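As stored in model_1.txt (compact mmCIF, C-alpha atoms and all ligand atoms):
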```txt
# COMPACT_ATOMS: atom_id res chain seq x y z
CA MET V 1 106.01 73.90 103.42
CA SER V 2 102.52 72.73 102.70
CA SER V 3 100.40 69.63 103.08
CA LYS V 4 97.30 68.22 101.44
CA SER V 5 94.11 68.87 103.36
CA VAL V 6 91.29 66.35 103.67
CA ASN V 7 89.57 67.73 100.61
CA GLY V 8 92.73 67.74 98.55
CA THR V 9 93.57 71.45 98.64
CA LEU V 10 96.96 72.69 99.74
CA THR V 11 97.09 74.16 103.21
CA PRO V 12 100.15 75.81 104.73
CA GLU V 13 101.78 73.80 107.49
CA THR V 14 101.54 75.57 110.80
CA THR V 15 104.46 76.20 113.09
CA PHE V 16 102.44 74.94 116.01
CA ASN V 17 104.48 72.90 118.48
CA PRO V 18 102.30 70.50 120.49
CA HIS V 19 105.25 69.61 122.74
CA LEU V 20 105.03 73.09 124.27
CA TYR V 21 101.66 72.11 125.69
CA ARG V 22 101.99 68.37 126.26
CA LYS V 23 103.95 69.03 129.45
CA ASP V 24 100.84 70.68 130.91
CA PHE V 25 98.92 67.39 130.68
CA PRO V 26 100.24 64.96 133.31
CA VAL V 27 98.33 61.98 131.89
CA LEU V 28 100.13 62.26 128.56
CA SER V 29 103.39 61.11 130.11
CA ARG V 30 101.97 57.86 131.47
CA GLU V 31 102.37 54.43 129.96
CA VAL V 32 99.65 51.94 129.04
CA HIS V 33 100.59 48.24 128.82
CA GLY V 34 104.24 49.29 128.95
CA LYS V 35 103.92 51.65 125.95
CA PRO V 36 103.69 55.45 125.93
CA LEU V 37 100.03 56.50 125.96
CA VAL V 38 98.76 57.73 122.59
CA TYR V 39 95.46 59.35 123.46
CA LEU V 40 93.22 59.63 120.41
CA ASP V 41 89.82 59.57 122.08
CA ASN V 42 89.43 63.30 122.53
CA ALA V 43 85.93 63.44 121.08
CA ALA V 44 84.74 61.26 123.97
CA SER V 45 86.63 63.23 126.62
CA SER V 46 89.68 65.40 126.24
CA GLN V 47 92.39 65.49 128.90
CA MET V 48 92.78 68.19 131.56
CA PRO V 49 95.87 70.38 131.85
CA GLN V 50 97.49 70.85 135.26
CA GLN V 51 96.10 74.39 135.38
CA VAL V 52 92.54 72.98 135.38
CA ILE V 53 93.42 70.25 137.88
CA ASP V 54 94.98 72.93 140.13
CA SER V 55 91.91 75.16 140.00
CA TYR V 56 89.75 72.18 140.84
CA ALA V 57 92.06 71.05 143.65
CA GLU V 58 92.37 74.58 145.06
CA TYR V 59 88.61 74.74 145.53
CA HIS V 60 88.61 71.39 147.32
CA GLY V 61 91.74 72.11 149.34
CA SER V 62 91.13 75.66 150.45
CA TYR V 63 87.56 76.92 150.04
CA HIS V 64 85.29 73.93 149.51
CA SER V 65 81.82 75.04 150.63
CA ASN V 66 78.40 75.73 149.17
CA VAL V 67 77.51 78.71 147.00
CA HIS V 68 74.86 81.43 147.44
CA ARG V 69 74.08 80.26 150.99
CA GLY V 70 76.62 81.31 153.55
CA VAL V 71 77.85 84.59 154.97
CA HIS V 72 81.09 82.91 156.01
CA ALA V 73 84.32 83.51 154.13
CA LEU V 74 84.57 80.11 152.45
CA SER V 75 81.07 80.25 151.02
CA GLN V 76 81.62 83.78 149.82
CA GLN V 77 84.86 82.81 148.11
CA ALA V 78 83.17 79.79 146.50
CA THR V 79 80.32 82.02 145.32
CA ASP V 80 82.73 84.62 143.93
CA GLU V 81 84.72 81.99 142.04
CA TYR V 82 81.58 80.25 140.76
CA GLU V 83 79.98 83.48 139.58
CA GLY V 84 83.34 84.69 138.26
CA ALA V 85 83.44 81.52 136.16
CA ARG V 86 79.98 82.28 134.84
CA GLU V 87 81.13 85.74 133.76
CA TYR V 88 84.25 84.28 132.11
CA ILE V 89 82.16 81.78 130.17
CA ARG V 90 79.65 84.49 129.22
CA ALA V 91 82.42 86.57 127.71
CA TYR V 92 83.99 83.52 126.03
CA ILE V 93 80.83 82.68 124.09
CA ASN V 94 79.81 86.35 123.82
CA ALA V 95 76.44 85.98 125.52
CA SER V 96 74.91 89.35 126.30
CA SER V 97 74.25 88.56 129.97
CA THR V 98 75.22 86.06 132.67
CA LYS V 99 71.46 85.43 132.99
CA GLU V 100 71.82 83.52 129.73
CA VAL V 101 74.49 81.11 131.02
CA ILE V 102 72.95 78.16 132.86
CA PHE V 103 75.11 75.48 134.41
CA THR V 104 73.96 71.92 133.82
CA SER V 105 75.54 68.51 134.19
CA GLY V 106 76.51 68.44 130.50
CA ALA V 107 75.29 68.83 126.93
CA THR V 108 72.77 66.02 127.41
CA ASP V 109 71.26 67.75 130.42
CA SER V 110 71.23 71.10 128.57
CA ILE V 111 69.25 69.69 125.65
CA ASN V 112 66.83 67.89 127.97
CA LEU V 113 66.26 71.18 129.78
CA VAL V 114 65.19 72.84 126.52
CA ALA V 115 63.06 69.88 125.40
CA GLN V 116 61.28 69.64 128.72
CA SER V 117 60.95 73.28 129.75
CA TYR V 118 60.62 75.06 126.40
CA GLY V 119 59.17 72.06 124.58
CA ARG V 120 56.41 71.08 126.95
CA THR V 121 55.23 74.68 127.19
CA ASN V 122 55.39 75.65 123.53
CA ILE V 123 55.04 72.52 121.40
CA LYS V 124 51.65 71.20 120.42
CA GLU V 125 50.22 68.36 118.38
CA GLY V 126 51.11 68.62 114.69
CA ASP V 127 54.16 70.86 115.25
CA GLU V 128 57.33 69.60 113.61
CA ILE V 129 60.69 69.15 115.24
CA LEU V 130 63.42 69.03 112.64
CA ILE V 131 66.74 67.38 113.45
CA THR V 132 69.48 65.84 111.31
CA ASN V 133 70.56 62.30 110.52
CA MET V 134 73.94 62.98 112.16
CA GLU V 135 72.79 63.85 115.69
CA HIS V 136 74.21 62.28 118.82
CA HIS V 137 71.51 60.45 120.78
CA ALA V 138 71.49 63.42 123.17
CA ASN V 139 69.92 65.50 120.42
CA ILE V 140 67.49 62.80 119.29
CA VAL V 141 66.00 61.08 122.32
CA PRO V 142 64.82 64.22 124.20
CA TRP V 143 62.94 65.27 121.03
CA LYS V 144 61.48 61.79 120.53
CA MET V 145 60.26 61.94 124.12
CA LEU V 146 58.75 65.38 123.53
CA CYS V 147 57.00 64.13 120.38
CA GLU V 148 55.52 61.23 122.34
CA GLU V 149 54.29 63.62 125.03
CA THR V 150 52.86 66.30 122.75
CA GLY V 151 51.94 64.64 119.45
CA ALA V 152 54.57 66.68 117.59
CA VAL V 153 56.22 65.06 114.56
CA LEU V 154 59.95 64.38 114.23
CA LYS V 155 61.47 65.15 110.81
CA VAL V 156 65.03 64.34 109.79
CA ILE V 157 67.42 66.11 107.40
CA PRO V 158 69.28 63.42 105.41
CA ILE V 159 73.03 63.24 104.88
CA THR V 160 74.97 62.65 101.70
CA ASP V 161 77.47 59.85 101.04
CA LYS V 162 80.29 62.25 101.96
CA GLY V 163 78.68 62.81 105.33
CA GLU V 164 77.41 66.33 104.71
CA LEU V 165 73.90 67.60 105.39
CA ASP V 166 71.66 67.62 102.34
CA LEU V 167 70.90 71.33 102.46
CA GLU V 168 68.37 71.20 99.64
CA ALA V 169 66.40 68.64 101.60
CA PHE V 170 66.76 70.89 104.66
CA GLU V 171 65.08 73.77 102.84
CA GLU V 172 62.31 71.48 101.62
CA LEU V 173 61.70 70.07 105.10
CA LEU V 174 61.69 73.49 106.73
CA SER V 175 58.22 75.02 106.86
CA GLU V 176 55.89 77.15 108.98
CA LYS V 177 55.14 73.93 110.85
CA THR V 178 58.76 73.66 112.03
CA ALA V 179 58.70 74.70 115.67
CA ILE V 180 62.21 73.59 116.60
CA LEU V 181 65.37 72.93 114.61
CA GLY V 182 67.93 70.82 116.49
CA VAL V 183 71.32 70.58 114.79
CA VAL V 184 74.78 69.45 115.76
CA MET V 185 77.54 71.95 114.94
CA VAL V 186 80.27 69.30 114.64
CA SER V 187 79.35 65.61 114.27
CA ASN V 188 81.04 63.30 116.76
CA ALA V 189 80.78 60.32 114.43
CA LEU V 190 81.78 61.95 111.11
CA GLY V 191 83.60 65.14 112.06
CA THR V 192 81.41 67.19 109.69
CA ILE V 193 81.18 70.90 110.53
CA ASN V 194 77.68 72.04 109.68
CA PRO V 195 76.82 75.53 108.37
CA VAL V 196 74.73 76.29 111.43
CA LYS V 197 74.74 80.09 111.04
CA GLU V 198 73.03 79.86 107.64
CA MET V 199 70.67 77.16 108.93
CA ILE V 200 69.70 79.28 111.93
CA ALA V 201 68.87 82.25 109.65
CA LYS V 202 66.71 80.05 107.42
CA ALA V 203 64.92 78.47 110.39
CA HIS V 204 64.23 81.90 111.89
CA GLU V 205 62.60 83.01 108.62
CA LYS V 206 60.02 80.26 109.26
CA GLY V 207 59.64 81.20 112.92
CA ALA V 208 61.43 78.13 114.34
CA VAL V 209 63.54 78.16 117.47
CA VAL V 210 67.03 76.67 117.01
CA VAL V 211 68.94 74.44 119.42
CA VAL V 212 72.58 73.86 118.50
CA ASP V 213 74.45 70.93 120.01
CA GLY V 214 77.91 72.44 120.40
CA ALA V 215 79.48 69.58 122.38
CA GLN V 216 82.10 68.79 119.72
CA ALA V 217 82.38 72.34 118.41
CA MET V 218 83.72 74.00 121.57
CA PRO V 219 87.29 72.64 121.35
CA HIS V 220 87.69 73.53 117.65
CA VAL V 221 85.55 76.53 116.77
CA ARG V 222 85.27 80.01 118.24
CA ILE V 223 81.71 80.37 119.40
CA ASP V 224 79.90 83.69 119.32
CA VAL V 225 76.29 83.03 120.25
CA GLN V 226 75.19 86.54 119.24
CA ASP V 227 76.83 86.30 115.84
CA LEU V 228 75.22 82.89 115.29
CA ASP V 229 71.92 84.32 116.54
CA VAL V 230 71.32 80.90 118.07
CA ASP V 231 68.40 80.49 120.48
CA PHE V 232 69.93 77.69 122.58
CA PHE V 233 73.49 76.36 122.57
CA ALA V 234 74.57 73.30 124.59
CA PHE V 235 78.03 72.03 125.49
CA SER V 236 79.97 69.90 128.01
CA ALA V 237 83.09 70.83 129.95
CA HIS V 238 84.85 67.49 129.60
CA LYS V 239 85.20 67.78 125.82
CA VAL V 240 86.96 71.12 126.10
CA TYR V 241 89.71 70.14 128.58
CA GLY V 242 87.51 70.59 131.63
CA PRO V 243 86.04 68.25 134.24
CA THR V 244 83.18 65.79 133.82
CA GLY V 245 79.71 66.36 135.25
CA CYS V 246 79.37 69.93 134.08
CA GLY V 247 78.07 71.75 131.04
CA VAL V 248 76.36 74.89 129.87
CA LEU V 249 73.08 75.80 128.34
CA TYR V 250 73.16 79.20 126.68
CA GLY V 251 69.69 80.51 125.96
CA LYS V 252 68.33 83.84 124.79
CA LYS V 253 67.04 85.73 127.82
CA SER V 254 63.70 86.50 126.16
CA LEU V 255 63.06 82.75 125.76
CA LEU V 256 64.45 81.64 129.12
CA GLU V 257 62.38 84.21 130.97
CA GLU V 258 59.17 82.71 129.63
CA MET V 259 60.18 79.12 130.38
CA PRO V 260 59.12 77.28 133.54
CA PRO V 261 61.77 75.72 135.80
CA TYR V 262 62.97 72.30 134.78
CA ARG V 263 63.75 70.93 138.23
CA GLY V 264 62.57 72.07 141.65
CA GLY V 265 64.59 72.44 144.84
CA GLY V 266 66.96 74.75 146.67
CA ASP V 267 68.49 77.84 145.06
CA MET V 268 65.91 78.04 142.25
CA ILE V 269 63.33 79.74 144.47
CA LEU V 270 62.86 83.14 146.08
CA SER V 271 60.32 81.86 148.62
CA VAL V 272 58.46 78.66 149.37
CA SER V 273 55.31 78.00 151.34
CA PHE V 274 52.84 75.15 151.02
CA ASP V 275 50.52 77.57 149.23
CA GLU V 276 52.94 79.23 146.88
CA VAL V 277 56.43 78.93 145.39
CA ILE V 278 58.04 82.01 143.91
CA TYR V 279 60.82 81.14 141.52
CA ASN V 280 64.23 82.77 141.50
CA GLN V 281 65.41 84.97 138.64
CA LEU V 282 67.62 83.82 135.78
CA PRO V 283 69.87 81.91 135.65
CA TYR V 284 69.19 80.42 139.12
CA LYS V 285 65.63 79.45 138.17
CA PHE V 286 67.20 76.57 136.24
CA GLU V 287 69.90 75.60 138.76
CA ALA V 288 68.11 73.62 141.47
CA GLY V 289 70.29 72.11 144.18
CA THR V 290 74.01 72.37 144.82
CA PRO V 291 75.76 72.70 141.46
CA GLY V 292 79.08 71.22 140.37
CA ILE V 293 81.02 74.13 141.85
CA SER V 294 84.56 72.88 141.29
CA GLN V 295 83.62 71.62 137.83
CA VAL V 296 82.30 75.04 136.81
CA ILE V 297 85.47 76.69 138.12
CA GLY V 298 87.48 74.07 136.20
CA LEU V 299 85.52 74.73 133.01
CA ALA V 300 86.26 78.45 133.12
CA ARG V 301 89.96 77.66 133.71
CA ALA V 302 89.91 75.24 130.76
CA LEU V 303 88.43 77.87 128.45
CA LYS V 304 91.04 80.36 129.66
CA TYR V 305 93.72 77.79 128.81
CA VAL V 306 92.27 77.35 125.30
CA ASP V 307 92.03 81.10 124.86
CA GLU V 308 95.64 81.62 125.89
CA ILE V 309 96.74 79.32 123.06
CA GLY V 310 94.04 80.55 120.68
CA VAL V 311 91.30 78.28 119.40
CA GLU V 312 92.15 79.27 115.80
CA LYS V 313 95.75 78.03 116.26
CA ILE V 314 94.41 74.87 117.87
CA ALA V 315 92.03 74.26 114.95
CA ALA V 316 94.79 74.83 112.39
CA TRP V 317 97.07 72.23 114.02
CA GLU V 318 94.22 69.75 114.38
CA ASP V 319 93.40 70.24 110.67
CA GLU V 320 97.00 69.46 109.82
CA LEU V 321 96.93 66.31 111.96
CA LEU V 322 93.63 65.23 110.40
CA SER V 323 94.95 65.80 106.86
CA TYR V 324 98.09 63.82 107.62
CA ALA V 325 96.18 60.99 109.30
CA THR V 326 93.62 60.86 106.45
CA GLN V 327 96.37 60.78 103.83
CA GLU V 328 98.25 57.99 105.64
CA ILE V 329 95.20 55.86 106.47
CA LYS V 330 94.03 56.02 102.87
CA LYS V 331 97.26 54.31 101.81
CA ILE V 332 95.96 51.17 103.54
CA PRO V 333 93.70 49.51 100.96
CA GLN V 334 91.53 47.64 103.49
CA VAL V 335 90.53 50.88 105.25
CA LYS V 336 87.41 52.86 104.34
CA VAL V 337 87.02 56.33 105.83
CA ILE V 338 83.47 57.17 106.93
CA GLY V 339 82.77 60.88 106.66
CA GLU V 340 84.65 62.93 104.10
CA ALA V 341 82.98 66.31 104.38
CA GLU V 342 84.73 69.33 102.85
CA ASN V 343 84.51 71.09 106.18
CA LYS V 344 85.61 68.72 108.87
CA ALA V 345 86.96 68.83 112.43
CA SER V 346 89.48 66.41 113.86
CA VAL V 347 87.51 63.15 113.81
CA LEU V 348 88.67 60.22 111.70
CA SER V 349 86.07 57.44 111.57
CA PHE V 350 86.87 54.33 109.58
CA VAL V 351 86.11 50.68 109.05
CA ILE V 352 88.43 47.86 108.05
CA GLU V 353 86.94 45.22 105.81
CA GLY V 354 86.50 41.94 107.67
CA VAL V 355 87.65 43.23 111.08
CA HIS V 356 85.28 44.13 113.90
CA PRO V 357 85.97 47.61 115.34
CA HIS V 358 86.10 46.11 118.82
CA ASP V 359 89.07 43.94 117.78
CA ILE V 360 90.77 47.00 116.29
CA GLY V 361 90.30 48.89 119.56
CA THR V 362 91.68 46.00 121.59
CA ILE V 363 94.84 45.55 119.51
CA LEU V 364 95.47 49.29 119.51
CA ASP V 365 95.03 49.39 123.28
CA GLU V 366 97.77 46.78 123.63
CA ASP V 367 100.00 49.29 121.83
CA GLY V 368 98.96 52.03 124.28
CA ILE V 369 96.71 53.71 121.71
CA ALA V 370 93.27 54.86 122.89
CA ILE V 371 90.59 55.20 120.24
CA ARG V 372 86.84 54.77 120.47
CA THR V 373 85.00 51.96 118.73
CA GLY V 374 81.24 51.45 118.47
CA HIS V 375 78.28 53.47 117.28
CA HIS V 376 79.40 56.60 119.16
CA CYS V 377 75.83 57.18 120.42
CA ALA V 378 74.92 58.06 116.86
CA GLN V 379 73.20 54.90 115.69
CA PRO V 380 71.27 56.62 112.87
CA VAL V 381 74.64 57.59 111.33
CA MET V 382 75.70 53.94 111.37
CA GLU V 383 72.40 52.94 109.81
CA ARG V 384 72.85 55.57 107.10
CA PHE V 385 76.20 54.07 106.12
CA CYS V 386 74.94 50.47 106.57
CA ILE V 387 77.56 49.60 109.18
CA PRO V 388 77.16 48.53 112.81
CA ALA V 389 80.06 50.57 114.13
CA THR V 390 83.24 52.45 113.28
CA SER V 391 86.66 52.93 114.80
CA ARG V 392 87.27 56.57 115.57
CA ALA V 393 90.50 58.42 116.19
CA SER V 394 89.91 61.99 117.36
CA PHE V 395 92.69 64.50 117.72
CA ALA V 396 93.45 67.33 120.12
CA PHE V 397 96.08 70.06 119.85
CA TYR V 398 98.45 68.07 122.08
CA ASN V 399 98.60 65.19 119.61
CA THR V 400 101.61 64.82 117.32
CA LYS V 401 102.34 63.42 113.87
CA GLU V 402 104.44 60.73 115.57
CA GLU V 403 101.27 59.62 117.33
CA VAL V 404 99.49 59.44 113.96
CA ASP V 405 102.39 57.26 112.74
CA ALA V 406 101.91 54.99 115.78
CA LEU V 407 98.20 54.69 114.94
CA ILE V 408 98.94 53.74 111.34
CA ALA V 409 101.60 51.21 112.33
CA SER V 410 99.24 49.58 114.80
CA LEU V 411 96.45 49.44 112.20
CA LYS V 412 98.81 47.65 109.82
CA LYS V 413 99.43 45.12 112.59
CA VAL V 414 95.65 44.63 113.00
CA ILE V 415 95.34 43.90 109.29
CA GLU V 416 98.20 41.42 109.44
CA ILE V 417 96.54 39.57 112.31
CA PHE V 418 92.96 39.55 111.05
CA THR V 419 93.07 39.42 107.28
N1 LIG V 501 76.47 65.84 121.54
C1 LIG V 501 77.55 65.42 120.89
C2 LIG V 501 77.80 65.89 119.49
C3 LIG V 501 78.44 64.56 121.51
O1 LIG V 501 79.53 64.16 120.85
C4 LIG V 501 78.19 64.14 122.83
C5 LIG V 501 79.08 63.15 123.53
C6 LIG V 501 77.05 64.64 123.48
C7 LIG V 501 76.22 65.48 122.81
C8 LIG V 501 76.73 64.29 124.89
O2 LIG V 501 77.64 64.87 125.76
P1 LIG V 501 77.59 64.55 127.33
O3 LIG V 501 78.79 65.24 127.87
O4 LIG V 501 76.32 65.12 127.84
O5 LIG V 501 77.65 63.07 127.46
N2 LIG V 501 79.84 62.35 122.66
C9 LIG V 501 80.59 61.29 123.00
C10 LIG V 501 81.38 60.63 122.05
O6 LIG V 501 81.48 60.92 120.88
N3 LIG V 501 82.02 59.63 122.68
O7 LIG V 501 81.67 59.63 123.96
C11 LIG V 501 80.79 60.68 124.18
```

Could you spell out this file's structure in structure tokens?
Amino acid sequence: MSSKSVNGTLTPETTFNPHLYRKDFPVLSREVHGKPLVYLDNAASSQMPQQVIDSYAEYHGSYHSNVHRGVHALSQQATDEYEGAREYIRAYINASSTKEVIFTSGATDSINLVAQSYGRTNIKEGDEILITNMEHHANIVPWKMLCEETGAVLKVIPITDKGELDLEAFEELLSEKTAILGVVMVSNALGTINPVKEMIAKAHEKGAVVVVDGAQAMPHVRIDVQDLDVDFFAFSAHKVYGPTGCGVLYGKKSLLEEMPPYRGGGDMILSVSFDEVIYNQLPYKFEAGTPGISQVIGLARALKYVDEIGVEKIAAWEDELLSYATQEIKKIPQVKVIGEAENKASVLSFVIEGVHPHDIGTILDEDGIAIRTGHHCAQPVMERFCIPATSRASFAFYNTKEEVDALIASLKKVIEIFT
């Protein structure tokens, strides 16, 4: 059996069975407004399997205490689990050392850390910071702030009508003046998967440092930071089946070592007097205060869960769902899909002529279907396509073709009501 992919080529249908995994996600069996929940807002936050909830609950129920501070058994267990999680995550993304894995409150915090600590030390007036037209606000605003502080200039790589990066324009914009390239690996608004490995190599030729926003990439793509040769890589736990309030900044040790701390407080110091503060070594230098201990433990458990299934198998099923959903939605004449890149992850953004996305979201919610409507914190993408907002269905491996059918049926109802 085979099915048409988004770009029209034939792809083999996988034998993936989402029902094998759905039972791990307690929320998926609940009802919303008397209908079975159809959760298609995974790009905003994916759901947590029981294994992650258990790891989180076990910390709170049996060894809740602070890390790195106590000689007592609970604190030592918490420290072991927390540092064990760091090692798991290091191996998962193939960082060369746990010194390169910094826990933050999420992708936003990770990017701000780079902009503030690396940026304020290394960026000067006239330097250029190159980003793309498809960035989430988290990879725009910190750079705008840095430009305002330093006199650096923000440059933007345009996107094509299909929603792909204009790579010719990228090469023209890239120069010896480019100090930082900030690029999203998978766009949350369009689903586009960008060729970041090639972009990193080109940026390095010009001496730029590269920050990749991997928030949407983690659930779909196997990440090997050494293979990418990326300088900084940011992601959030809650988009990869983990808890909220936690994320990672991977950074090359050689860069992190030269960077000043971002925040001051406990745990990031070796000694403090009123005359002198001696900072702790990596990665603790960047982890001031009590971290999100249970969240970090939950993140490592979530990545283990993904690894047990296999991110490649997950991506293949999500591709099949996206192809099916794209094919079915395109049969509705009033619908226009926004973002039709050749290489796309499981995000389906669309507009319906004459219907406000908010109304679409509300009617779908009545049917128990959760999608996201709005600008998706990517307003420059909306501006590029001359629209105020889109409706976005985003799929995870636990979604089914029956759920896609429910989405399509509900959209037909929206059209009947509003047009
Ligand atoms: N980068 C990308 C590409 C994102 O999609 C998001 C969140 C972030 C960064 C920020 O992540 P945070 O965990 O620090 O908030 N994107 C979305 C979204 O698409 N819908 O809700 C949040």

Interface rows for chain V against ligand LIG 501 (chain V): nearest pair, Å to one decimal, 6 Å, all atoms listed in the file, as JSON lines:
```
{"residue": "V:Ala43", "atom": "CA", "partner": "V:LIG501", "partner_atom": "O6", "distance": 5.1}
{"residue": "V:Ala44", "atom": "CA", "partner": "V:LIG501", "partner_atom": "N3", "distance": 3.4}
{"residue": "V:Gly106", "atom": "CA", "partner": "V:LIG501", "partner_atom": "O4", "distance": 4.3}
{"residue": "V:Ala107", "atom": "CA", "partner": "V:LIG501", "partner_atom": "O4", "distance": 4.0}
{"residue": "V:Thr108", "atom": "CA", "partner": "V:LIG501", "partner_atom": "O4", "distance": 3.7}
{"residue": "V:His136", "atom": "CA", "partner": "V:LIG501", "partner_atom": "N1", "distance": 5.0}
{"residue": "V:Ala138", "atom": "CA", "partner": "V:LIG501", "partner_atom": "C7", "distance": 5.2}
{"residue": "V:Val184", "atom": "CA", "partner": "V:LIG501", "partner_atom": "C2", "distance": 6.0}
{"residue": "V:Ser187", "atom": "CA", "partner": "V:LIG501", "partner_atom": "C2", "distance": 5.5}
{"residue": "V:Asn188", "atom": "CA", "partner": "V:LIG501", "partner_atom": "O1", "distance": 4.4}
{"residue": "V:Asp213", "atom": "CA", "partner": "V:LIG501", "partner_atom": "N1", "distance": 5.7}
{"residue": "V:Ala215", "atom": "CA", "partner": "V:LIG501", "partner_atom": "C1", "distance": 4.8}
{"residue": "V:Gln216", "atom": "CA", "partner": "V:LIG501", "partner_atom": "C2", "distance": 5.2}
{"residue": "V:Ser236", "atom": "CA", "partner": "V:LIG501", "partner_atom": "O3", "distance": 4.8}
{"residue": "V:His376", "atom": "CA", "partner": "V:LIG501", "partner_atom": "O6", "distance": 5.1}
```

Item checked: Residue contacts of Asp24 (chain V) (12 Å, all atoms listed in the file) excluding same-chain residues fewer than 3 positions away, as a list of chain:residue names -> V:Pro18, V:His19, V:Leu20, V:Tyr21, V:Val27, V:Leu28, V:Ser29, V:Gln47, V:Met48, V:Pro49, V:Gln50, V:Gln51, V:Val52, V:Ile53, V:Asp54, V:Tyr241, V:Ala302, V:Tyr305, V:Tyr398

Notebook entry, point to check: Which one is closest to Gln226 (chain V): V:Leu74, V:Ile200, V:Leu303, V:Ile157? Count all atoms listed in the file.
Noted result: V:Ile200

Neighbour list for Val114 (chain V) as a CSV table (one decimal) with C-alpha atoms, in the coordinates of the input, cut-off 10 Å, only C-alpha atoms, skip fewer than 6 positions in-chain:
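After the write, result05.csv holds the following:
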```csv
chain,number,residue,atom,x,y,z
V,120,ARG,CA,56.4,71.1,127.0
V,142,PRO,CA,64.8,64.2,124.2
V,143,TRP,CA,62.9,65.3,121.0
V,211,VAL,CA,68.9,74.4,119.4
V,232,PHE,CA,69.9,77.7,122.6
V,233,PHE,CA,73.5,76.4,122.6
V,234,ALA,CA,74.6,73.3,124.6
V,249,LEU,CA,73.1,75.8,128.3
V,251,GLY,CA,69.7,80.5,126.0
V,256,LEU,CA,64.4,81.6,129.1
V,259,MET,CA,60.2,79.1,130.4
V,262,TYR,CA,63.0,72.3,134.8
```

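Proximity to Gln379 (chain V) at 8 Å, evaluated using all atoms listed in the file and with sequence-adjacent residues fewer than 4 positions away removed, yields His137, His375 and Glu383 of chain V.
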
Checklist line | Residue with smallest distance to Asn139 (chain V) - pool V:Ser105, V:Ala378, V:Asn42, V:Arg392, counting only C-alpha atoms | finding: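 Using only C-alpha atoms, Asn139 (chain V) sits closest to V:Ala378.
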
Next item on the list: Give me, please, the distance in Å between CA of Thr362 (chain V) and CA of Leu322 (chain V), quoted to one decimal.
Entry: 22.3 Å

Next item on the list: List the neighbours of Ile293 (chain V) out to 8 Å using all atoms listed in the file; skip same-chain residues closer than 4 positions along the sequence, and give me the result as a PyMOL selection string.
Entry: chain V and resi 66-67+78+82+297

Item checked: Residue with smallest distance to Met268 (chain V) - pool V:Ile102, V:Leu190, V:Tyr118, V:Pro380, counting all atoms listed in the file ->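 Using all atoms listed in the file, the shortest distance to Met268 (chain V) belongs to V:Ile102.
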
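Minimum atom-to-atom distances from V:Ile193, V:Ile415, V:Ala115, V:Leu40 to Pro260 (chain V) were compared using all atoms listed in the file, and the lowest value belongs to V:Ala115.
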
Item checked: Expected residue set, 8 Å radius at (59.3, 63.5, 109.5), only C-alpha atoms, as a ChimeraX atom specification -> /V:128,130,153-156

Next item on the list: Go through V:His204, V:His64, V:Arg222, V:Arg384 and flag the residue nearest Asn133 (chain V), using only C-alpha atoms for the distances.
Entry: V:Arg384

Next item on the list: Could you tell me how far CA of Met134 (chain V) lies from CA of Phe170 (chain V), in Å and to one decimal?
Entry: 13.1 Å

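Interatomic distance, CA of Cys246 (chain V) against CA of Phe25 (chain V): 20.0 Å.
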
Check: Quick one: of V:Asn343, V:Ser45, V:Thr150, V:Gln295, who's nearest to Glu125 (chain V), counting all atoms listed in the file?
Finding: V:Thr150

May I have the protein, DNA and RNA residues with an atom at most 12 Å from (91.3, 65.1, 120.9), counting all atoms listed in the file in the file's coordinates, returned as a CSV table (one decimal) with C-alpha atoms, in the coordinates of the input?
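Written file, part10.csv:
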```csv
chain,number,residue,atom,x,y,z
V,38,VAL,CA,98.8,57.7,122.6
V,39,TYR,CA,95.5,59.4,123.5
V,40,LEU,CA,93.2,59.6,120.4
V,41,ASP,CA,89.8,59.6,122.1
V,42,ASN,CA,89.4,63.3,122.5
V,43,ALA,CA,85.9,63.4,121.1
V,44,ALA,CA,84.7,61.3,124.0
V,45,SER,CA,86.6,63.2,126.6
V,46,SER,CA,89.7,65.4,126.2
V,47,GLN,CA,92.4,65.5,128.9
V,48,MET,CA,92.8,68.2,131.6
V,188,ASN,CA,81.0,63.3,116.8
V,191,GLY,CA,83.6,65.1,112.1
V,216,GLN,CA,82.1,68.8,119.7
V,217,ALA,CA,82.4,72.3,118.4
V,218,MET,CA,83.7,74.0,121.6
V,219,PRO,CA,87.3,72.6,121.4
V,220,HIS,CA,87.7,73.5,117.6
V,238,HIS,CA,84.8,67.5,129.6
V,239,LYS,CA,85.2,67.8,125.8
V,240,VAL,CA,87.0,71.1,126.1
V,241,TYR,CA,89.7,70.1,128.6
V,314,ILE,CA,94.4,74.9,117.9
V,315,ALA,CA,92.0,74.3,115.0
V,317,TRP,CA,97.1,72.2,114.0
V,318,GLU,CA,94.2,69.8,114.4
V,319,ASP,CA,93.4,70.2,110.7
V,321,LEU,CA,96.9,66.3,112.0
V,322,LEU,CA,93.6,65.2,110.4
V,345,ALA,CA,87.0,68.8,112.4
V,346,SER,CA,89.5,66.4,113.9
V,347,VAL,CA,87.5,63.2,113.8
V,348,LEU,CA,88.7,60.2,111.7
V,370,ALA,CA,93.3,54.9,122.9
V,371,ILE,CA,90.6,55.2,120.2
V,372,ARG,CA,86.8,54.8,120.5
V,392,ARG,CA,87.3,56.6,115.6
V,393,ALA,CA,90.5,58.4,116.2
V,394,SER,CA,89.9,62.0,117.4
V,395,PHE,CA,92.7,64.5,117.7
V,396,ALA,CA,93.4,67.3,120.1
V,397,PHE,CA,96.1,70.1,119.8
V,398,TYR,CA,98.4,68.1,122.1
V,399,ASN,CA,98.6,65.2,119.6
V,400,THR,CA,101.6,64.8,117.3
V,403,GLU,CA,101.3,59.6,117.3
```
